[in-house]
Each structure stands twice: as C-alpha cells, then as structure tokens.
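Following: one structure in structure tokens, then a few remarks.
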Amino acid sequence: MRTGKNWNILKRGLKWTIGITAAAVICICVNVGMKGYDMYRDAISQISLKDKVEQIRSKENYTEFAELPETYVDAVLSVEDHRFYGHIGIDPIAITRAVINDIRAGAFVEGGSTITQQLAKNELFTQDKHLARKAAEMLAAFDLEKTYSKQQIFEMYANTIYFGSGYYGIAEAAEGYFGKEPAQLTDAEAIYLAGMPNAPSTYASSPELAFKRMQVVLKRMVKCRVLT
C-alpha cells in the first residue's frame, strides 16, 4: 500500500517537473522570439529589405543566375543547402540536427542555416552566434522567400558571400583565383570555389586544405546525386 502511495507521489512530482520545464522552455522561446523580432525590425529600419536587395544588385560585377555554371550551383546546393528548393527559408531537419550536435558539444558547432538565412545574416546582421540573432535571421529569411524567387536568392548569395583573399562574390573570386568570368569556370574550378566560403581565410592560405574541402564537396555532390 505504501509503495503505491509513494509511486503516486513520484508521478505527481514528475508531472510538475515536466510542466515547469515545458513552461520554462516556452518562456525562453517567446523571449528569444521577441528579441529576434526587435533585432530584425531594427535592421530593416536602417535599410529596408528592398533597398538592401537593390544595393546588392547594383554591384558593378553583379553576376546573374543564368551566368553561373551549373556545376557551381549544384556544388553549392549539395554542400550548403540540398533542400533549398523545397523549404520556405529555414530547414527544420537541418536545425534539429544542428541543435542536437550543439547540445552534445556544449557549444555552437553547427548552424543549420539555409542559403537564405546565410544571405540574411551576412547582409543584415552581425556574425555573433546567439539565439536572438538566429531568430532575427529566420524572420528575414521568411521575408526574402516571400518576396524573391529561389534563383534570385541564390544569385544574391553567390554575389555577396566571402571567398577569402578579400574577394566578395563569385565574380571577384573567379577573377582573383582563376583570371576568369564565372561563366568560364571549369567544373573543377567551380567546385573549388563552392567549397571556399566554409572557411575562406583558411582555404585561401592553404591550397592543401582547399583541395581536401573539394573532396568533401564532391562526395556531397555524389550523395545528392548530381554527380555519379
């Protein structure tokens, strides 16, 4: 009889613990969401999303999607965001995986950011890793996806991402590393550049590491079935 009573007390205690924990998590999420919303509103009060896009597109060497080698596009999508054409700005599967890995490591070791989120982060926010900025980045990604096509978003990403050695955007990188326009890149050169933004300064200073990164990109392309 006493055992049954103790078990009931234990069950009530577990329910209270679960309830309090769930409430705490909800409060944290709401708080982070509100801070993220304020951060995003502050960012677009300084420059609207439309004006930021026009600023990007006004670059002298802006490269349109049609001028990007197909191999480059396939390589970037394979290694950065292979569900790009199927999501609405965020990738819940990638985010869940990143959260699990971050918890295991006890630090921010994986971001789970889509190409749209990376574009928003690089153009509107700082690179600081904290939850409020991640929430702001997601809100910006939703707005980008509502307003612009997938090709337009990828195009802007390719024209703004950092490739190391002071090169921003695919046109500067193609010219700086290979003396070519993006459309003239070979498959190998396109794959090389697709891997650079992962750690641009490191790869720019170490051709050996850049080559190893190429192998990672190639394996991802095979896994995503854009290469045999």
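Each chain in the structure tokens gets a letter, A, B, ..., in the order shown, and its residues are numbered from 1; ligands are numbered from 1 in order too.
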(message) If we count only C-alpha atoms and set the cut-off at 10 Å, which residues sit around Glu189 in chain A, ignoring sequence neighbours fewer than 3 positions away in its own chain? Please answer as an MDAnalysis selection string.
(response) chainID A and resid 71:72 174 177:178 182 184:186 192:194 214
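Of the listed residues (A:Gln46, A:Gln215, A:Thr96, A:Ser165), A:Ser165 comes nearest to Thr202 in chain A; the distances count only C-alpha atoms.
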(message) Taking 6 positions as the minimum chain separation for residues in the same chain, which residues sit within 12 Å of Val217 in chain A when counting only C-alpha atoms? Answer as a PyMOL selection string.
(response) chain A and resi 71-82+188+190-198+210-211+223-224+226-227
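Between Pro92 in chain A and the residues A:Thr114, A:Ala199, A:Gln55, A:Glu208, the shortest atom-to-atom distance, using only C-alpha atoms, involves A:Thr114.
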(request) For CA of Pro207 in chain A and CA of Lys219 in chain A, quote the distance in Å rounded to one decimal. (result) 18.5 Å
(message) Report as a PyMOL selection string all protein, DNA and RNA residues lying within 12 Å of Ser48 in chain A, evaluated on only C-alpha atoms, omitting residues in the same chain fewer than 4 positions from it.
(response) chain A and resi 40-44+52-55+123-124+140+143-144
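Using only C-alpha atoms, the shortest contact distance between Asp91 in chain A and any of A:Ala141, A:Met34, A:Leu131, A:Ala66 is found at A:Ala141.
Note that the spacing between CA of Gly36 in chain A and CA of Gly89 in chain A amounts to 15.7 Å.
Residues in contact with range 153-160 of chain A at up to 7 Å, not including ones fewer than 3 positions away on its chain and judged by only C-alpha atoms, are Ile56, Tyr62, Thr63, Glu64, Phe65, Thr116, Leu119, Tyr148, Ser149, Lys150, Tyr168, Gly169 and Ile170 of chain A.
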Write the residues you've just listed into a file as a PDB file, in the first residue's frame, and include N, CA, C and O atoms for each of them.
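File written: part-v1.pdb
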```
ATOM      1  N   ILE A  56      22.627  45.308 -53.362  1.00  0.00           N
ATOM      2  CA  ILE A  56      23.385  44.130 -53.787  1.00  0.00           C
ATOM      3  C   ILE A  56      23.438  44.052 -55.309  1.00  0.00           C
ATOM      4  O   ILE A  56      24.493  43.828 -55.914  1.00  0.00           O
ATOM      5  N   TYR A  62      28.037  42.395 -60.742  1.00  0.00           N
ATOM      6  CA  TYR A  62      26.956  41.502 -60.314  1.00  0.00           C
ATOM      7  C   TYR A  62      26.727  40.425 -61.376  1.00  0.00           C
ATOM      8  O   TYR A  62      26.600  40.711 -62.574  1.00  0.00           O
ATOM      9  N   THR A  63      26.692  39.181 -60.941  1.00  0.00           N
ATOM     10  CA  THR A  63      26.536  38.043 -61.847  1.00  0.00           C
ATOM     11  C   THR A  63      25.135  37.465 -61.718  1.00  0.00           C
ATOM     12  O   THR A  63      24.723  37.071 -60.625  1.00  0.00           O
ATOM     13  N   GLU A  64      24.398  37.407 -62.802  1.00  0.00           N
ATOM     14  CA  GLU A  64      23.048  36.864 -62.769  1.00  0.00           C
ATOM     15  C   GLU A  64      23.076  35.339 -62.746  1.00  0.00           C
ATOM     16  O   GLU A  64      24.069  34.711 -63.136  1.00  0.00           O
ATOM     17  N   PHE A  65      21.965  34.757 -62.315  1.00  0.00           N
ATOM     18  CA  PHE A  65      21.881  33.300 -62.150  1.00  0.00           C
ATOM     19  C   PHE A  65      22.223  32.571 -63.449  1.00  0.00           C
ATOM     20  O   PHE A  65      22.914  31.546 -63.434  1.00  0.00           O
ATOM     21  N   THR A 116      19.305  30.952 -47.707  1.00  0.00           N
ATOM     22  CA  THR A 116      18.520  32.168 -47.468  1.00  0.00           C
ATOM     23  C   THR A 116      18.890  32.797 -46.135  1.00  0.00           C
ATOM     24  O   THR A 116      19.042  34.025 -46.034  1.00  0.00           O
ATOM     25  N   LEU A 119      22.329  34.431 -46.391  1.00  0.00           N
ATOM     26  CA  LEU A 119      22.233  35.722 -47.085  1.00  0.00           C
ATOM     27  C   LEU A 119      21.735  36.791 -46.124  1.00  0.00           C
ATOM     28  O   LEU A 119      22.298  37.893 -46.051  1.00  0.00           O
ATOM     29  N   TYR A 148      11.114  37.084 -53.080  1.00  0.00           N
ATOM     30  CA  TYR A 148      12.020  36.786 -54.196  1.00  0.00           C
ATOM     31  C   TYR A 148      12.017  35.302 -54.531  1.00  0.00           C
ATOM     32  O   TYR A 148      11.735  34.458 -53.684  1.00  0.00           O
ATOM     33  N   SER A 149      12.331  34.988 -55.791  1.00  0.00           N
ATOM     34  CA  SER A 149      12.362  33.595 -56.235  1.00  0.00           C
ATOM     35  C   SER A 149      13.611  32.905 -55.699  1.00  0.00           C
ATOM     36  O   SER A 149      14.564  33.556 -55.248  1.00  0.00           O
ATOM     37  N   LYS A 150      13.610  31.581 -55.778  1.00  0.00           N
ATOM     38  CA  LYS A 150      14.770  30.814 -55.331  1.00  0.00           C
ATOM     39  C   LYS A 150      16.017  31.202 -56.133  1.00  0.00           C
ATOM     40  O   LYS A 150      17.109  31.338 -55.576  1.00  0.00           O
ATOM     41  N   TYR A 168      34.830  39.216 -52.448  1.00  0.00           N
ATOM     42  CA  TYR A 168      33.415  39.065 -52.112  1.00  0.00           C
ATOM     43  C   TYR A 168      32.629  38.849 -53.398  1.00  0.00           C
ATOM     44  O   TYR A 168      32.709  39.646 -54.329  1.00  0.00           O
ATOM     45  N   GLY A 169      31.869  37.773 -53.447  1.00  0.00           N
ATOM     46  CA  GLY A 169      31.054  37.487 -54.621  1.00  0.00           C
ATOM     47  C   GLY A 169      31.790  36.619 -55.624  1.00  0.00           C
ATOM     48  O   GLY A 169      33.024  36.621 -55.718  1.00  0.00           O
ATOM     49  N   ILE A 170      31.025  35.875 -56.387  1.00  0.00           N
ATOM     50  CA  ILE A 170      31.569  34.902 -57.320  1.00  0.00           C
ATOM     51  C   ILE A 170      32.404  35.551 -58.419  1.00  0.00           C
ATOM     52  O   ILE A 170      33.397  34.975 -58.872  1.00  0.00           O
TER      53      ILE A 170
END
```
